[in-house]
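> Once you've had a glance at the structure underneath, I'll fire off some questions.
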Amino acid sequence: MAAAFSRGRGNPAVTDRLRARPMNIVVCVKRVPATDSKIKVAANGVSIDPTGVEYVLNPYDEFAVEEALKLKEAAGTGSVTVVTLGSAESQKILRDTLAMGADQAVLLRDGGTAHDAYSTAECLAAHIKTVPHDVVLVGKQAVDTDNGQLGPRLAGLLGLPCITEVLKLTLADGRFTAERDIEGAREVVTCGLPAVITTQKGLNTPRYANLKGIMAAKKKPLQEIDAAAVTPATTVTSLAMPPERPPGKVLGEGAAAVTALVDALRNEAKVL
Amino acid sequence: MSNIVVVAEARGGKVKRPSLEAVGAAVELATSASAKVVVVVVGNDLAPAVEELKTSGAHRVVAIESPAFTNYSGDGYAKALMEVIPGLDAAAILMPHSAMGKDLMPRVAALLGAGMVSDAIALHFEGGRFGATKPVYAGKAYQKAMADKSPFLATLRPNNFEAKPGSGSAEVETKAPSFGADQLAAIVTEVVAAAGDRVPLQEAKVVVAGGRGLKAPEHFHLVEDLAKAFGPGKAAVGASRAVVDAGWRPHREQVGQTGKVVAPTLYIAAGISGAIQHLAGMRTARCIVAINKDPEAPIFKVADYGIVGDVFEVLPALTKAIEAATKH
């Protein structure tokens, strides 16, 4: 009986909801160095030396892809399109998202431009405007530049509401209700569709691609088009290693060292 | 003459400290750029906040007040700012890198067609251009970027710039937005305060963080007890990624890449080995203390003071000593 009810047979309200329009979702992703990478500055002094660095799908984007797949599954119909701005090197992370279950991928070729947050958002928004989008999902930040600007920027350019750093997302009666952490509190935010949502760790557990998914991904469409020509608004003038911390001292072993520690914190570091 | 605009954050009638730090940073930047500082604040019942901002060092305070802004709305606040900012001749626009700043400023930057640096730790004015330095790769490197067009926007890392409260006397202007609550798309319907007097991790003067060395989630009270010993509202509890991934602690406590980046006055790492992702999140703390039974643990390389030992022995002793030290 429960199964029949959940399929909506004989219940007009539920049947109506099942006939809801397809859920077309766009997910923006980025190729970034894995978080355990050692970062070295390249000879040009403005970018990293890619030697020995493993590049992966931005960890926060995994939550965005997973949430997109869940939203589409709940709607029963629709599509998940994954978009990135980059070079041919980004094909791999797009295939990874197709293997997870995304339907199609788009690589906006950057033509070697060193895009900043401004021009990245302009390029992606220009493309998103041309495709159906009930929801745009973005990781809350990319773990390379750590800017976290893309979601709210896209929302501004597309004229959509935006909820950032979402930890819990529910969709009911055509509205999102989301929870997010702010300083010392949790905020509950609601908005209608279409909307931009940025995803925080804790929202879901991204699925692993299985062998079937990986095989299927090879046949799924991966479109390559030239990104809109947009000039960045900022230029990186230097990349440097953070200042080294002066060597510290081990004050001793076990609880016996506590007195020396409190003394050092009070009289030497002056932090008590 | 152009202006440096600061978007201040008022919650519950109070100006949060990172906003006063942003005004302090703006005053310094304005001196080198021969500009003036204008503070803009959006909200409802702003009188107490405006009073505080009058003596923050700014030359002018513009309050955009409406009952529609009782709760935060990213699109609503951005729309309100866009009714005011274009008339302010802004060369640079600053806001704290807070939950609100992170949500609001990129939207304003997009609407202005402007460049922006998030989480800035230093601001620059060189050869007529504004710019900022920020940690990238969670602090494994520092990136400096300069603006090629105006205005330039930045959100500023809390605990990093100096606030100068009690200085100057700004002229005040109060404006109403041209629109009402029915124009807002995303609305905060509820703010659930965290239980107890928990200090937000990124605003805490002291962070006590625990890792796998605590062996089980039920031992984390040793970390909590030490945090409490610093007195109410002073210290926050942090955690390593390993214990968050293991489900011992909530993600909001995770320090490091894919967690929070903190810069407290004092950071105590207990039973944390110091994986590269963790170090990235806390290496800018003013003073770092490491407690670990493995003398070879990488955490000792960044620590100012280390104790080699068992956290089950050292933490209770340190808690007692800090309790005694903070009493007088």
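Every chain in the structure tokens has a letter given in the order shown (A, B, ...), and although residue numbers restart at 1 in each chain, ligands are simply numbered from 1 in the order shown.
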Which residues, written as a ChimeraX atom specification, have at least one atom at most 10 Å from B:Gly256, with only C-alpha atoms counted and residues fewer than 2 positions away on the same chain left out?

/A:35 /B:138-139,238-241,253-254,258-262,274-283

> Output C-alpha atoms for every residue in the selection just made, as a short mmCIF file (atom, residue, chain, number, x, y, z; two decimals), in the first residue's frame.


data_model
loop_
_atom_site.label_atom_id
_atom_site.label_comp_id
_atom_site.auth_asym_id
_atom_site.auth_seq_id
_atom_site.Cartn_x
_atom_site.Cartn_y
_atom_site.Cartn_z
CA THR A 35 44.48 18.79 -1.21
CA ALA B 138 44.42 27.04 1.99
CA GLY B 139 47.51 29.01 2.95
CA GLY B 238 38.56 22.68 16.61
CA ALA B 239 39.16 19.27 15.09
CA SER B 240 41.37 17.60 12.52
CA ARG B 241 39.91 16.27 9.29
CA GLU B 253 34.82 22.35 13.80
CA GLN B 254 37.22 21.14 11.10
CA THR B 258 38.13 21.69 3.19
CA GLY B 259 37.48 23.04 6.69
CA LYS B 260 38.03 26.42 8.30
CA VAL B 261 41.12 28.56 8.18
CA VAL B 262 41.75 30.16 11.57
CA GLY B 274 49.86 17.90 11.43
CA ALA B 275 48.94 16.69 7.95
CA ILE B 276 49.63 19.28 5.24
CA GLN B 277 45.88 20.04 4.93
CA HIS B 278 45.68 20.80 8.65
CA LEU B 279 48.79 22.98 8.79
CA ALA B 280 47.34 25.06 5.95
CA GLY B 281 44.40 25.97 8.18
CA MET B 282 46.23 27.17 11.27
CA ARG B 283 49.78 28.19 10.44
#

> Looking only at strand (DSSP E or B) from DSSP on the backbone, list the matching residues of stretch 24-263 of chain A as a ChimeraX atom specification.

/A:24-28,31-33,41,48,55-57,78-86,104-109,135-139,162-172,175-182,185-192,195-199,222-226,234-240,249-253

> Of the candidates B:Met95, B:Ile307, B:Leu226, B:Leu53, which one gets nearest to chain A if we count only C-alpha atoms?

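Of all the options, B:Ile307 lies closest to chain A.
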
> Which residues, written as a list in words, have at least one atom at most 9 Å from stretch 245-252 of chain A, with only C-alpha atoms counted and residues fewer than 6 positions away on the same chain left out?

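In the requested form, the answer reads Val258, Ala260 and Leu261 of chain A; Arg283, Thr284, Ile288, Ala290, Pro295, Phe300, Lys301, Val302, Ala303, Asp304, Tyr305, Gly306, Ile307, Val308 and Gly309 of chain B.
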
> Using only C-alpha atoms and a distance of at most 6 Å, pull out the residues of chain A that contact chain B, as a count of residues only.

40

> Env of A:Ala102: 8 Å cut, atoms = only C-alpha atoms, seq-sep filter 2 positions within chain, self excluded. Answer as a ChimeraX atom specification.

/A:65,69,79-82,97-100,104-105

> Take the residues from that selection and put them in a file with N, CA and C atoms, as a compact mmCIF listing (two decimals), in the first residue's frame.


# COMPACT_ATOMS: atom_id res chain seq x y z
N VAL A 65 27.77 17.88 -7.68
CA VAL A 65 27.35 16.86 -8.65
C VAL A 65 26.39 15.88 -7.98
N LEU A 69 22.45 15.07 -8.99
CA LEU A 69 21.93 13.75 -9.33
C LEU A 69 20.73 13.40 -8.45
N SER A 79 17.76 16.71 -16.63
CA SER A 79 19.12 16.43 -17.05
C SER A 79 20.12 17.14 -16.16
N VAL A 80 21.29 16.54 -16.06
CA VAL A 80 22.39 17.15 -15.31
C VAL A 80 23.52 17.45 -16.30
N THR A 81 23.80 18.75 -16.46
CA THR A 81 24.86 19.18 -17.37
C THR A 81 26.00 19.76 -16.56
N VAL A 82 27.20 19.25 -16.77
CA VAL A 82 28.36 19.72 -16.02
C VAL A 82 29.20 20.61 -16.94
N THR A 97 32.69 13.20 -13.74
CA THR A 97 31.31 13.55 -13.34
C THR A 97 30.30 12.78 -14.19
N LEU A 98 30.64 12.52 -15.45
CA LEU A 98 29.74 11.71 -16.30
C LEU A 98 29.66 10.28 -15.75
N ALA A 99 30.80 9.80 -15.24
CA ALA A 99 30.83 8.45 -14.66
C ALA A 99 29.99 8.38 -13.39
N MET A 100 29.94 9.50 -12.66
CA MET A 100 29.09 9.53 -11.46
C MET A 100 27.60 9.48 -11.84
N GLN A 104 25.56 15.03 -19.47
CA GLN A 104 26.40 15.60 -20.52
C GLN A 104 27.36 16.61 -19.90
N ALA A 105 28.41 16.91 -20.64
CA ALA A 105 29.42 17.83 -20.13
C ALA A 105 29.79 18.84 -21.21

> Report, in Å with one decimal, the straight-line distance from atom CA of B:Ala30 to atom CA of B:Val84.

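Pair atom CA of B:Ala30 / atom CA of B:Val84 returns 19.7 Å.
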
> For A:Lys218, please output as a compact mmCIF listing (two decimals) with C-alpha atoms, in the first residue's frame all residues within 10 Å (counting only C-alpha atoms; exclusion window: fewer than 2 positions along the same chain).


# COMPACT_ATOMS: atom_id res chain seq x y z
CA ARG A 95 34.43 12.36 -17.60
CA ASP A 96 34.61 11.70 -13.85
CA LEU A 98 29.74 11.71 -16.30
CA ALA A 99 30.83 8.45 -14.66
CA GLY A 213 29.13 4.32 -14.94
CA ILE A 214 32.71 4.61 -16.14
CA MET A 215 31.90 2.63 -19.31
CA ALA A 216 28.75 4.67 -19.95
CA LYS A 220 28.09 10.43 -23.11
CA PRO A 221 28.32 13.77 -24.93
CA LEU A 222 31.25 16.02 -24.05
